[in-house]
$ cat work-v5.txt   # compact mmCIF, C-alpha atoms and all ligand atoms
# COMPACT_ATOMS: atom_id res chain seq x y z
CA ALA A 1 31.05 -97.32 -42.57
CA PRO A 2 30.59 -99.40 -45.73
CA SER A 3 33.62 -101.45 -46.74
CA ASP A 4 36.01 -100.17 -49.40
CA PRO A 5 34.63 -101.76 -52.62
CA ASP A 6 38.14 -102.25 -53.96
CA LEU A 7 39.14 -104.30 -50.90
CA VAL A 8 35.92 -106.32 -51.07
CA GLU A 9 36.71 -107.17 -54.70
CA ARG A 10 40.30 -108.14 -53.83
CA ALA A 11 39.18 -110.36 -50.94
CA ARG A 12 36.68 -112.08 -53.25
CA ALA A 13 39.25 -112.61 -55.97
CA ALA A 14 41.90 -114.00 -53.60
CA LYS A 15 39.38 -116.34 -51.99
CA ALA A 16 38.15 -117.54 -55.36
CA LYS A 17 41.72 -118.20 -56.47
CA LEU A 18 42.43 -120.25 -53.32
CA GLY A 19 39.18 -122.21 -53.64
CA GLU A 20 38.98 -125.30 -51.42
CA LYS A 21 42.53 -124.76 -50.20
CA VAL A 22 41.41 -122.09 -47.74
CA PHE A 23 38.80 -122.19 -45.01
CA VAL A 24 37.93 -118.95 -43.23
CA LEU A 25 36.57 -119.06 -39.67
CA GLY A 26 34.97 -116.00 -38.07
CA HIS A 27 34.21 -115.49 -34.40
CA HIS A 28 30.93 -113.70 -33.67
CA TYR A 29 32.81 -110.65 -32.33
CA GLN A 30 34.44 -109.95 -35.69
CA ARG A 31 33.61 -106.87 -37.75
CA ASP A 32 30.85 -107.16 -40.37
CA GLU A 33 33.39 -106.55 -43.15
CA VAL A 34 35.27 -109.67 -42.02
CA ILE A 35 32.25 -111.85 -41.20
CA GLU A 36 31.19 -111.37 -44.81
CA PHE A 37 34.11 -113.56 -45.91
CA ALA A 38 33.81 -116.24 -43.22
CA ASP A 39 32.92 -119.74 -44.41
CA VAL A 40 31.58 -120.42 -40.92
CA THR A 41 30.91 -118.27 -37.90
CA GLY A 42 30.59 -119.46 -34.34
CA ASP A 43 31.42 -119.23 -30.66
CA SER A 44 34.79 -120.52 -29.50
CA PHE A 45 33.53 -124.07 -29.06
CA LYS A 46 31.90 -124.32 -32.46
CA LEU A 47 34.93 -122.80 -34.20
CA ALA A 48 37.30 -125.28 -32.53
CA ARG A 49 35.13 -128.13 -33.78
CA ASP A 50 34.73 -126.63 -37.24
CA ALA A 51 38.48 -126.14 -37.61
CA ALA A 52 39.05 -129.80 -36.71
CA ALA A 53 36.38 -130.91 -39.17
CA ARG A 54 38.19 -129.52 -42.25
CA PRO A 55 41.14 -131.88 -42.81
CA ASP A 56 41.26 -131.02 -46.52
CA ALA A 57 41.83 -127.29 -46.13
CA GLU A 58 45.51 -126.46 -46.50
CA TYR A 59 45.07 -123.06 -44.87
CA ILE A 60 42.76 -122.20 -42.01
CA VAL A 61 42.43 -118.41 -41.80
CA PHE A 62 41.27 -117.66 -38.29
CA CYS A 63 39.42 -114.37 -37.88
CA GLY A 64 39.39 -114.22 -34.11
CA VAL A 65 42.10 -113.94 -31.48
CA HIS A 66 45.43 -115.66 -30.84
CA PHE A 67 44.27 -118.37 -28.41
CA MET A 68 41.61 -119.47 -30.90
CA ALA A 69 44.17 -119.80 -33.68
CA GLU A 70 46.45 -121.78 -31.35
CA SER A 71 43.60 -124.13 -30.48
CA ALA A 72 42.84 -124.58 -34.18
CA ASP A 73 46.50 -125.41 -34.83
CA ILE A 74 46.45 -127.99 -32.03
CA LEU A 75 43.29 -129.63 -33.35
CA THR A 76 44.20 -129.65 -37.06
CA GLY A 77 46.63 -131.87 -38.94
CA ASP A 78 50.40 -131.23 -39.16
CA ASP A 79 50.13 -130.40 -42.84
CA GLN A 80 47.48 -127.74 -42.26
CA GLN A 81 48.54 -124.17 -41.57
CA VAL A 82 46.60 -121.80 -39.35
CA ILE A 83 46.84 -118.09 -40.16
CA LEU A 84 45.92 -115.18 -37.87
CA PRO A 85 45.55 -112.09 -40.11
CA ASP A 86 46.99 -109.77 -37.42
CA LEU A 87 49.43 -111.21 -34.89
CA ALA A 88 48.54 -108.41 -32.46
CA ALA A 89 45.02 -109.84 -32.04
CA GLY A 90 45.52 -111.25 -28.55
CA CYS A 91 43.19 -111.46 -25.57
CA SER A 92 43.89 -109.48 -22.42
CA MET A 93 42.19 -112.15 -20.31
CA ALA A 94 44.35 -114.95 -21.72
CA ASP A 95 47.42 -112.80 -20.94
CA MET A 96 46.43 -112.68 -17.27
CA ALA A 97 47.71 -116.22 -16.67
CA THR A 98 51.30 -117.02 -17.67
CA ALA A 99 52.87 -120.48 -17.51
CA GLU A 100 55.25 -119.39 -14.72
CA GLN A 101 52.46 -117.96 -12.61
CA VAL A 102 50.34 -121.07 -13.00
CA ALA A 103 53.28 -123.36 -12.12
CA GLU A 104 53.82 -121.25 -9.01
CA CYS A 105 50.15 -121.55 -8.13
CA TRP A 106 50.29 -125.32 -8.44
CA ASP A 107 53.29 -125.38 -6.05
CA ARG A 108 51.27 -123.28 -3.67
CA LEU A 109 48.38 -125.77 -3.81
CA ALA A 110 50.86 -128.60 -3.16
CA GLU A 111 52.26 -126.71 -0.18
CA ALA A 112 48.74 -126.37 1.25
CA GLY A 113 48.22 -130.10 0.65
CA VAL A 114 45.40 -129.71 -1.88
CA ALA A 115 47.08 -130.17 -5.29
CA GLU A 116 46.40 -133.91 -5.27
CA VAL A 117 42.66 -133.44 -4.98
CA THR A 118 42.47 -130.48 -7.37
CA VAL A 119 41.55 -130.73 -11.06
CA PRO A 120 42.46 -127.81 -13.35
CA VAL A 121 39.71 -126.57 -15.66
CA SER A 122 40.89 -123.91 -18.10
CA TYR A 123 38.73 -121.64 -20.15
CA MET A 124 39.43 -121.77 -23.88
CA ASN A 125 40.57 -118.15 -23.48
CA SER A 126 44.06 -119.14 -22.37
CA SER A 127 47.43 -119.67 -24.03
CA ALA A 128 48.50 -123.08 -25.36
CA ASP A 129 50.94 -123.27 -22.41
CA ILE A 130 48.09 -123.08 -19.93
CA LYS A 131 46.14 -125.68 -21.88
CA ALA A 132 49.23 -127.93 -21.77
CA PHE A 133 49.50 -127.44 -18.00
CA THR A 134 45.84 -128.42 -17.76
CA GLY A 135 46.37 -131.55 -19.84
CA ARG A 136 49.44 -132.58 -17.84
CA HIS A 137 47.54 -132.34 -14.57
CA GLY A 138 44.52 -134.34 -15.65
CA GLY A 139 42.24 -131.40 -16.38
CA THR A 140 40.02 -130.24 -19.19
CA ILE A 141 39.37 -127.12 -21.25
CA CYS A 142 35.92 -125.56 -21.28
CA THR A 143 34.16 -122.77 -23.14
CA SER A 144 31.23 -120.66 -22.07
CA SER A 145 28.91 -123.18 -23.75
CA ASN A 146 30.07 -126.26 -21.83
CA ALA A 147 31.45 -124.92 -18.55
CA LYS A 148 28.86 -126.73 -16.43
CA ARG A 149 29.56 -130.06 -18.09
CA ALA A 150 33.29 -129.50 -17.65
CA LEU A 151 32.83 -128.78 -13.94
CA ASP A 152 30.53 -131.80 -13.49
CA TRP A 153 33.25 -133.94 -15.05
CA ALA A 154 36.02 -132.34 -12.97
CA PHE A 155 34.19 -132.93 -9.70
CA GLU A 156 33.97 -136.61 -10.60
CA GLN A 157 37.77 -136.65 -10.87
CA GLY A 158 38.61 -134.66 -7.73
CA GLU A 159 37.34 -132.60 -4.83
CA LYS A 160 38.36 -129.15 -5.96
CA VAL A 161 38.73 -127.23 -9.19
CA LEU A 162 41.41 -124.71 -10.09
CA PHE A 163 39.57 -122.56 -12.65
CA LEU A 164 41.76 -120.58 -15.07
CA PRO A 165 41.87 -117.71 -16.01
CA ASP A 166 38.36 -116.16 -15.88
CA GLN A 167 37.14 -115.81 -12.32
CA HIS A 168 33.71 -114.71 -13.53
CA LEU A 169 32.92 -117.68 -15.74
CA GLY A 170 34.18 -119.95 -12.95
CA ARG A 171 32.12 -118.28 -10.24
CA ASN A 172 29.01 -117.85 -12.37
CA THR A 173 29.01 -121.49 -13.41
CA ALA A 174 29.64 -122.76 -9.88
CA VAL A 175 26.96 -120.61 -8.27
CA ARG A 176 24.36 -120.30 -11.02
CA ASP A 177 24.55 -123.75 -12.58
CA MET A 178 26.02 -126.00 -9.89
CA GLY A 179 24.25 -124.70 -6.79
CA MET A 180 27.45 -123.79 -4.96
CA SER A 181 27.62 -120.73 -2.75
CA LEU A 182 29.91 -117.73 -3.09
CA ASP A 183 31.68 -119.01 0.03
CA ASP A 184 32.72 -122.15 -1.86
CA CYS A 185 34.87 -119.93 -4.10
CA VAL A 186 38.21 -118.27 -3.34
CA VAL A 187 40.27 -116.09 -5.67
CA TYR A 188 43.95 -116.84 -6.25
CA ASN A 189 45.85 -113.61 -6.97
CA PRO A 190 49.11 -114.33 -8.82
CA HIS A 191 50.46 -110.92 -7.85
CA LYS A 192 50.23 -111.53 -4.09
CA PRO A 193 52.50 -113.68 -1.92
CA ASN A 194 50.95 -117.14 -1.50
CA GLY A 195 48.27 -116.10 -3.99
CA GLY A 196 46.74 -114.03 -1.21
CA LEU A 197 45.24 -117.16 0.37
CA THR A 198 45.91 -119.00 3.61
CA ASP A 199 46.27 -122.79 3.70
CA GLU A 200 42.95 -122.91 5.50
CA GLU A 201 41.18 -120.91 2.80
CA LEU A 202 42.61 -123.19 0.11
CA ARG A 203 41.55 -126.30 2.04
CA GLY A 204 38.05 -124.98 2.64
CA ALA A 205 37.33 -123.95 -0.96
CA ARG A 206 35.76 -126.06 -3.69
CA MET A 207 36.47 -123.59 -6.49
CA ILE A 208 39.86 -121.90 -6.63
CA LEU A 209 39.35 -119.10 -9.15
CA TRP A 210 42.24 -117.44 -10.95
CA ARG A 211 42.13 -113.68 -10.71
CA GLY A 212 41.52 -112.97 -14.42
CA HIS A 213 38.68 -111.23 -16.19
CA CYS A 214 37.54 -109.86 -19.53
CA SER A 215 37.89 -106.10 -19.72
CA VAL A 216 35.07 -105.87 -22.28
CA HIS A 217 32.48 -107.78 -20.24
CA GLY A 218 33.77 -106.20 -17.03
CA ARG A 219 32.26 -102.93 -18.20
CA PHE A 220 28.68 -104.11 -17.62
CA SER A 221 27.40 -103.34 -14.14
CA LEU A 222 24.33 -103.96 -12.04
CA GLU A 223 23.52 -100.32 -12.72
CA SER A 224 23.41 -100.97 -16.47
CA VAL A 225 20.90 -103.78 -15.86
CA ASN A 226 18.73 -101.62 -13.58
CA ASP A 227 18.90 -98.68 -16.01
CA VAL A 228 17.80 -100.69 -19.02
CA ARG A 229 14.92 -102.27 -17.09
CA GLU A 230 13.74 -98.80 -16.21
CA ARG A 231 14.21 -97.45 -19.73
CA ILE A 232 12.58 -100.38 -21.55
CA PRO A 233 9.73 -101.96 -19.58
CA GLY A 234 9.43 -105.70 -20.22
CA VAL A 235 12.98 -106.00 -21.56
CA ASN A 236 14.75 -109.36 -21.36
CA VAL A 237 18.33 -109.06 -20.18
CA LEU A 238 20.65 -111.57 -21.86
CA VAL A 239 24.34 -111.56 -20.93
CA HIS A 240 27.55 -113.49 -21.51
CA PRO A 241 28.88 -115.46 -18.50
CA GLU A 242 32.14 -113.46 -18.61
CA CYS A 243 30.14 -110.66 -16.94
CA ARG A 244 30.52 -110.04 -13.22
CA HIS A 245 28.48 -112.17 -10.85
CA GLU A 246 26.03 -109.45 -9.81
CA VAL A 247 25.27 -108.76 -13.49
CA VAL A 248 24.69 -112.43 -14.26
CA ALA A 249 22.57 -112.81 -11.12
CA ALA A 250 20.35 -109.91 -12.23
CA ALA A 251 20.02 -111.09 -15.86
CA ASP A 252 17.18 -113.19 -17.26
CA HIS A 253 19.33 -115.35 -19.53
CA VAL A 254 23.04 -116.18 -19.60
CA GLY A 255 25.08 -117.90 -22.29
CA SER A 256 27.76 -118.00 -24.96
CA THR A 257 27.64 -115.93 -28.14
CA GLU A 258 26.09 -118.83 -30.03
CA TYR A 259 23.45 -119.19 -27.28
CA ILE A 260 22.69 -115.48 -27.49
CA ILE A 261 22.05 -115.77 -31.23
CA LYS A 262 19.91 -118.91 -30.88
CA THR A 263 17.87 -117.29 -28.11
CA LEU A 264 17.10 -114.27 -30.27
CA GLU A 265 16.23 -116.48 -33.24
CA ALA A 266 13.66 -118.27 -31.08
CA ALA A 267 12.27 -115.10 -29.48
CA PRO A 268 8.76 -113.97 -30.44
CA ALA A 269 8.15 -110.85 -32.54
CA GLY A 270 7.54 -107.83 -30.35
CA SER A 271 9.96 -108.99 -27.65
CA LYS A 272 12.65 -106.65 -26.34
CA TRP A 273 16.22 -107.61 -25.54
CA ALA A 274 19.18 -105.93 -23.86
CA ILE A 275 22.38 -107.80 -24.64
CA GLY A 276 25.53 -107.76 -22.50
CA THR A 277 28.33 -108.77 -24.81
CA GLU A 278 30.68 -107.33 -27.43
CA LEU A 279 29.28 -104.56 -29.61
CA ASN A 280 30.00 -105.87 -33.15
CA LEU A 281 27.77 -108.85 -32.38
CA VAL A 282 25.03 -106.82 -30.70
CA ARG A 283 24.86 -104.34 -33.58
CA ARG A 284 24.65 -107.14 -36.12
CA LEU A 285 21.84 -108.77 -34.15
CA ALA A 286 19.99 -105.47 -33.74
CA ASN A 287 20.03 -104.99 -37.53
CA ARG A 288 19.16 -108.56 -38.29
CA PHE A 289 16.15 -108.78 -35.97
CA ALA A 290 14.75 -105.27 -36.50
CA ASP A 291 12.86 -106.54 -39.57
CA GLN A 292 11.24 -109.25 -37.47
CA GLY A 293 9.99 -106.71 -34.93
CA LYS A 294 12.40 -107.79 -32.20
CA GLU A 295 14.04 -104.90 -30.44
CA VAL A 296 17.67 -105.55 -29.59
CA VAL A 297 19.73 -102.98 -27.67
CA PHE A 298 23.19 -102.89 -26.15
CA LEU A 299 23.10 -103.33 -22.37
CA ASP A 300 25.47 -100.47 -21.57
CA LYS A 301 25.40 -96.81 -22.54
CA THR A 302 29.07 -96.66 -23.49
CA VAL A 303 30.60 -98.37 -26.54
CA CYS A 304 32.19 -101.67 -25.85
CA PHE A 305 34.17 -103.32 -28.65
CA CYS A 306 36.84 -105.90 -28.04
CA SER A 307 39.82 -103.92 -29.32
CA THR A 308 41.90 -107.00 -30.11
CA MET A 309 39.09 -108.77 -31.97
CA ASN A 310 38.72 -105.54 -33.94
CA ARG A 311 42.34 -105.65 -35.07
CA ILE A 312 41.31 -108.16 -37.70
CA ASP A 313 39.88 -105.87 -40.34
CA LEU A 314 39.34 -106.12 -44.08
CA PRO A 315 42.83 -104.80 -45.01
CA HIS A 316 44.49 -107.48 -42.84
CA LEU A 317 42.23 -110.18 -44.23
CA VAL A 318 42.94 -109.11 -47.81
CA TRP A 319 46.68 -109.10 -47.12
CA ALA A 320 46.53 -112.61 -45.64
CA LEU A 321 44.40 -114.03 -48.46
CA GLU A 322 46.41 -112.39 -51.24
CA SER A 323 49.66 -113.60 -49.70
CA LEU A 324 48.34 -117.17 -49.54
CA ALA A 325 47.03 -116.91 -53.09
CA ALA A 326 50.53 -115.84 -54.17
CA GLY A 327 51.96 -118.92 -52.44
CA LYS A 328 53.36 -117.03 -49.45
CA VAL A 329 52.32 -118.13 -45.96
CA VAL A 330 52.12 -115.22 -43.52
CA ASN A 331 51.30 -115.01 -39.81
CA ARG A 332 51.25 -118.73 -39.25
CA ILE A 333 50.38 -119.77 -35.70
CA GLN A 334 52.28 -122.88 -34.76
CA VAL A 335 52.33 -124.46 -31.31
CA ASP A 336 55.47 -126.46 -30.48
CA LYS A 337 55.14 -130.25 -30.42
CA GLU A 338 55.41 -130.86 -26.69
CA THR A 339 52.97 -128.11 -25.76
CA GLU A 340 50.65 -129.34 -28.47
CA HIS A 341 50.68 -132.90 -27.13
CA PHE A 342 49.47 -131.97 -23.65
CA ALA A 343 47.19 -129.14 -24.76
CA LYS A 344 45.52 -131.55 -27.14
CA LEU A 345 44.86 -133.97 -24.30
CA ALA A 346 42.98 -131.24 -22.46
CA LEU A 347 41.10 -130.09 -25.58
CA GLU A 348 40.12 -133.64 -26.45
CA ARG A 349 38.75 -134.14 -22.95
CA MET A 350 36.54 -131.15 -23.61
CA LEU A 351 35.42 -132.46 -26.99
CA ALA A 352 34.53 -135.79 -25.32
CA LEU A 353 32.40 -134.21 -22.56
CA PRO A 354 28.89 -135.70 -22.54
P1 LIG A 401 32.14 -117.46 -26.84
O1 LIG A 401 32.06 -117.06 -28.28
O2 LIG A 401 32.62 -118.88 -26.71
O3 LIG A 401 30.89 -117.21 -26.12
O4 LIG A 401 33.30 -116.60 -26.17
C1 LIG A 401 33.30 -115.25 -26.06
C2 LIG A 401 34.65 -114.66 -25.98
O5 LIG A 401 34.95 -113.78 -25.24
C3 LIG A 401 35.64 -115.14 -26.86
O6 LIG A 401 36.76 -114.43 -26.60
FE1 LIG A 402 39.37 -111.72 -24.65
FE2 LIG A 402 37.25 -110.41 -23.68
FE3 LIG A 402 38.08 -109.91 -26.15
FE4 LIG A 402 36.90 -112.25 -25.56
S1 LIG A 402 35.95 -110.24 -25.50
S2 LIG A 402 38.76 -111.95 -26.79
S3 LIG A 402 37.69 -112.57 -23.47
S4 LIG A 402 39.24 -109.51 -24.25
$ encode --input "work-v5.txt" --output "structure tokens" --more "lines below"
Ligand code: 13P
Ligand code: SF4
Amino acid sequence: APSDPDLVERARAAKAKLGEKVFVLGHHYQRDEVIEFADVTGDSFKLARDAAARPDAEYIVFCGVHFMAESADILTGDDQQVILPDLAAGCSMADMATAEQVAECWDRLAEAGVAEVTVPVSYMNSSADIKAFTGRHGGTICTSSNAKRALDWAFEQGEKVLFLPDQHLGRNTAVRDMGMSLDDCVVYNPHKPNGGLTDEELRGARMILWRGHCSVHGRFSLESVNDVRERIPGVNVLVHPECRHEVVAAADHVGSTEYIIKTLEAAPAGSKWAIGTELNLVRRLANRFADQGKEVVFLDKTVCFCSTMNRIDLPHLVWALESLAAGKVVNRIQVDKETEHFAKLALERMLALP
């Protein structure tokens, strides 16, 4: 549906009033009505860098989810304030690893005698607490656009990796990009005694994968890939690495949201693409490339929005911008100093990856 013209006008006016004081970041999964007001758009890696590259903006309005706003707060100056237009915009995957569970897991690795040779690598999609744990234990953060480089680095530091919290990104990177086998990976289940793993299994593994996943990307199946290949002969299947291993293994191309966009930009006219990622992005790409004769379809038959990304809508954005323009800071995301210190260590290791 087209955006309410009154709200569009109010968002414009509030942004104009704030001028250089405000910088609006929009993740690629955001609604069109929100993307329209983003000063930059990007994948999680690009947005983290862009937030850090704006030291003059007093307010960073983050149109994305909670862990992204936390990361922006960690990477920006103390005098800068990061705003998340709806505090309920979380990420179910990030919620699958709590600080207590991860501390317990580390004790379990110590008990099996492997903690000393294990390096934690945490996906950006994790709370600031998990990032701090990662920093404290000599590990790095990664995103879907640098996961291989992060793992290469980690295996120079130790013999094993504890990959948090997305088992799929961990497994897909290990097997698809690093030449490991599925047998090199074990899954640590925080809800089972001992993580559901014997000492022997922990000692034999190279990748210890946390049992987390993205419910949006988990919807794509091997069947959806086979169906679309049958429906659209010659189609290229392009999926996000948060998809399950069998989906990634059957796809033609795999990468982050930014990679997906770049790939379509470079694709020849007349080519056909089935995309396995969040629907706001796929719809936007389908519209954008239709004029250029590139056919872009959604990989699955059922709708697949990220419900928490979608919580940021134009009314919330208008409310945040108008509040700031009136001198009132709302929904500030602020990570405590100690957490920030160690989380920043881990994030800076990521930013320094070759
Ligand atoms: P990227 O934009 O880094 O590919 O991440 C996708 C995602 O799920 C963010 O939550
Ligand atoms: Fe989290 Fe998945 Fe939504 Fe990304 S798409 S924010 S991983 S729930």
$ residues_around --input "work-v5.txt" --residues "segment 99-115 of chain A" --least-positions-apart "6" --cutoff "12 Å" --atoms "only C-alpha atoms" --output "MDAnalysis selection string"
chainID A and resid 122 126:134 136:138 158:165 187:211 339
$ residues_around --input "work-v5.txt" --residues "Asp32 of chain A" --least-positions-apart "4" --cutoff "8 Å" --atoms "all atoms listed in the file" --output "list in words"
Glu36, Asn280 and Arg284 of chain A
$ residues_near_ligand --input "work-v5.txt" --ligand "ligand LIG 401 (chain A)" --cutoff "6 Å" --atoms "only C-alpha atoms and all ligand atoms" --output "number ranges by chain"
A: 43-45, 143-144, 256-257
$ residues_around --input "work-v5.txt" --residues "Lys301 of chain A" --least-positions-apart "6" --cutoff "12 Å" --atoms "all atoms listed in the file" --output "number ranges by chain"
A: 219-221, 223-225, 227-228, 231, 274-276, 279
$ closest_atom_pairs --input "work-v5.txt" --of "chain A" --to "ligand LIG 402 (chain A)" --cutoff "10 Å" --atoms "only C-alpha atoms and all ligand atoms" --output "Markdown table"
| residue | atom | partner | partner_atom | distance |
| --- | --- | --- | --- | --- |
| A:His27 | CA | A:LIG402 | S2 | 9.5 |
| A:Tyr29 | CA | A:LIG402 | S1 | 7.5 |
| A:Ser44 | CA | A:LIG402 | FE4 | 9.4 |
| A:Gly64 | CA | A:LIG402 | S2 | 7.7 |
| A:Val65 | CA | A:LIG402 | S2 | 6.1 |
| A:His66 | CA | A:LIG402 | S2 | 8.6 |
| A:Phe67 | CA | A:LIG402 | S2 | 8.6 |
| A:Met68 | CA | A:LIG402 | S2 | 9.0 |
| A:Ala89 | CA | A:LIG402 | S2 | 8.4 |
| A:Gly90 | CA | A:LIG402 | S2 | 7.0 |
| A:Cys91 | CA | A:LIG402 | FE1 | 3.9 |
| A:Ser92 | CA | A:LIG402 | S4 | 5.0 |
| A:Met93 | CA | A:LIG402 | FE1 | 5.2 |
| A:Ala94 | CA | A:LIG402 | FE1 | 6.6 |
| A:Asp95 | CA | A:LIG402 | FE1 | 8.9 |
| A:Tyr123 | CA | A:LIG402 | S3 | 9.7 |
| A:Met124 | CA | A:LIG402 | S3 | 9.4 |
| A:Asn125 | CA | A:LIG402 | S3 | 6.3 |
| A:Ser126 | CA | A:LIG402 | FE1 | 9.1 |
| A:Pro165 | CA | A:LIG402 | S3 | 10.0 |
| A:Asp166 | CA | A:LIG402 | S3 | 8.4 |
| A:Gly212 | CA | A:LIG402 | S3 | 9.8 |
| A:His213 | CA | A:LIG402 | S3 | 7.5 |
| A:Cys214 | CA | A:LIG402 | FE2 | 4.2 |
| A:Ser215 | CA | A:LIG402 | S4 | 5.8 |
| A:Val216 | CA | A:LIG402 | FE2 | 5.2 |
| A:His217 | CA | A:LIG402 | FE2 | 6.4 |
| A:Gly218 | CA | A:LIG402 | FE2 | 8.6 |
| A:His240 | CA | A:LIG402 | S1 | 9.9 |
| A:Glu242 | CA | A:LIG402 | S3 | 7.4 |
| A:Cys243 | CA | A:LIG402 | FE2 | 9.8 |
| A:Thr277 | CA | A:LIG402 | S1 | 7.8 |
| A:Glu278 | CA | A:LIG402 | S1 | 6.3 |
| A:Leu279 | CA | A:LIG402 | S1 | 9.7 |
| A:Cys304 | CA | A:LIG402 | S1 | 9.4 |
| A:Phe305 | CA | A:LIG402 | S1 | 7.8 |
| A:Cys306 | CA | A:LIG402 | FE3 | 4.6 |
| A:Ser307 | CA | A:LIG402 | FE3 | 7.0 |
| A:Thr308 | CA | A:LIG402 | FE3 | 6.2 |
| A:Met309 | CA | A:LIG402 | FE3 | 6.0 |
| A:Asn310 | CA | A:LIG402 | FE3 | 9.0 |
$ atom_distance --input "work-v5.txt" --atom1 "atom CA of Glu58 of chain A" --atom2 "atom CA of Leu75 of chain A"
13.7 Å
$ atom_distance --input "work-v5.txt" --atom1 "atom CA of Gly26 of chain A" --atom2 "atom CA of Leu299 of chain A"
23.4 Å
$ residues_near_point --input "work-v5.txt" --point "(11.9, -105.1, -31.0)" --cutoff "12 Å" --atoms "all atoms listed in the file" --output "number ranges by chain"
A: 232, 234-236, 264, 267-274, 285-297
$ closest_residue --input "work-v5.txt" --among "A:Ala69, A:Leu351, A:Val186, A:Val61" --to "Ala147 of chain A" --atoms "all atoms listed in the file"
A:Leu351
$ closest_residue --input "work-v5.txt" --among "A:Asp73, A:Asp152, A:Asp86, A:Glu322" --to "Leu18 of chain A" --atoms "only C-alpha atoms"
A:Glu322
$ residues_around --input "work-v5.txt" --residues "Lys328 of chain A" --least-positions-apart "3" --cutoff "12 Å" --atoms "all atoms listed in the file" --output "count of residues only"
12
$ atom_distance --input "work-v5.txt" --atom1 "atom CA of Ala48 of chain A" --atom2 "atom CA of Phe62 of chain A"
10.3 Å
$ closest_residue --input "work-v5.txt" --among "A:Val117, A:Ala249, A:Pro233, A:Gly139" --to "Val175 of chain A" --atoms "all atoms listed in the file"
A:Ala249
$ closest_residue --input "work-v5.txt" --among "A:Ser3, A:Ser71, A:Gln30, A:Gln157" --to "Arg49 of chain A" --atoms "only C-alpha atoms"
A:Ser71
$ residues_around --input "work-v5.txt" --residues "Cys63 of chain A" --least-positions-apart "6" --cutoff "8 Å" --atoms "all atoms listed in the file" --output "list in words"
Val24, Leu25, Gly26, His27, Gln30, Val34, Ala38, Leu84, Pro85 and Ile312 of chain A
$ closest_residue --input "work-v5.txt" --among "A:Ala352, A:Glu33, A:Asn226, A:Ala150" --to "Pro5 of chain A" --atoms "all atoms listed in the file"
A:Glu33
$ closest_residue --input "work-v5.txt" --among "A:Ile74, A:Ala266, A:Ala88, A:Val8" --to "Gln334 of chain A" --atoms "only C-alpha atoms"
A:Ile74
$ axis_aligned_box --input "work-v5.txt" --around "segment 127-141 of chain A" --padding-each-side "3 Å" --output "lines of an AutoDock Vina configuration file"
center_x = 45.2
center_y = -127.0
center_z = -20.0
size_x = 17.6
size_y = 20.7
size_z = 16.8
$ build_atoms --input "work-v5.txt" --residues "segment 174-185 of chain A" --atoms "N, CA and C atoms" --output "PDB file, keeping the file's coordinate frame"
ATOM      1  N   ALA A 174      29.737-122.046 -11.158  1.00  0.00           N
ATOM      2  CA  ALA A 174      29.640-122.760  -9.880  1.00  0.00           C
ATOM      3  C   ALA A 174      28.363-122.379  -9.139  1.00  0.00           C
ATOM      4  N   VAL A 175      28.080-121.079  -9.096  1.00  0.00           N
ATOM      5  CA  VAL A 175      26.960-120.610  -8.270  1.00  0.00           C
ATOM      6  C   VAL A 175      25.624-120.743  -9.017  1.00  0.00           C
ATOM      7  N   ARG A 176      25.625-120.340 -10.283  1.00  0.00           N
ATOM      8  CA  ARG A 176      24.360-120.300 -11.020  1.00  0.00           C
ATOM      9  C   ARG A 176      23.932-121.693 -11.502  1.00  0.00           C
ATOM     10  N   ASP A 177      24.907-122.471 -11.956  1.00  0.00           N
ATOM     11  CA  ASP A 177      24.550-123.750 -12.580  1.00  0.00           C
ATOM     12  C   ASP A 177      24.792-124.969 -11.704  1.00  0.00           C
ATOM     13  N   MET A 178      25.644-124.820 -10.679  1.00  0.00           N
ATOM     14  CA  MET A 178      26.020-126.000  -9.890  1.00  0.00           C
ATOM     15  C   MET A 178      25.489-125.919  -8.470  1.00  0.00           C
ATOM     16  N   GLY A 179      24.817-124.830  -8.134  1.00  0.00           N
ATOM     17  CA  GLY A 179      24.250-124.700  -6.790  1.00  0.00           C
ATOM     18  C   GLY A 179      25.262-124.489  -5.687  1.00  0.00           C
ATOM     19  N   MET A 180      26.483-124.084  -6.023  1.00  0.00           N
ATOM     20  CA  MET A 180      27.450-123.790  -4.960  1.00  0.00           C
ATOM     21  C   MET A 180      27.168-122.394  -4.414  1.00  0.00           C
ATOM     22  N   SER A 181      27.817-122.075  -3.289  1.00  0.00           N
ATOM     23  CA  SER A 181      27.620-120.730  -2.750  1.00  0.00           C
ATOM     24  C   SER A 181      28.879-119.916  -3.015  1.00  0.00           C
ATOM     25  N   LEU A 182      28.751-118.597  -2.871  1.00  0.00           N
ATOM     26  CA  LEU A 182      29.910-117.730  -3.090  1.00  0.00           C
ATOM     27  C   LEU A 182      31.040-118.107  -2.124  1.00  0.00           C
ATOM     28  N   ASP A 183      30.661-118.633  -0.948  1.00  0.00           N
ATOM     29  CA  ASP A 183      31.680-119.010   0.030  1.00  0.00           C
ATOM     30  C   ASP A 183      32.480-120.250  -0.383  1.00  0.00           C
ATOM     31  N   ASP A 184      31.956-120.992  -1.362  1.00  0.00           N
ATOM     32  CA  ASP A 184      32.720-122.150  -1.860  1.00  0.00           C
ATOM     33  C   ASP A 184      33.883-121.718  -2.747  1.00  0.00           C
ATOM     34  N   CYS A 185      33.869-120.424  -3.143  1.00  0.00           N
ATOM     35  CA  CYS A 185      34.870-119.930  -4.100  1.00  0.00           C
ATOM     36  C   CYS A 185      35.901-119.034  -3.416  1.00  0.00           C
TER      37      CYS A 185
END
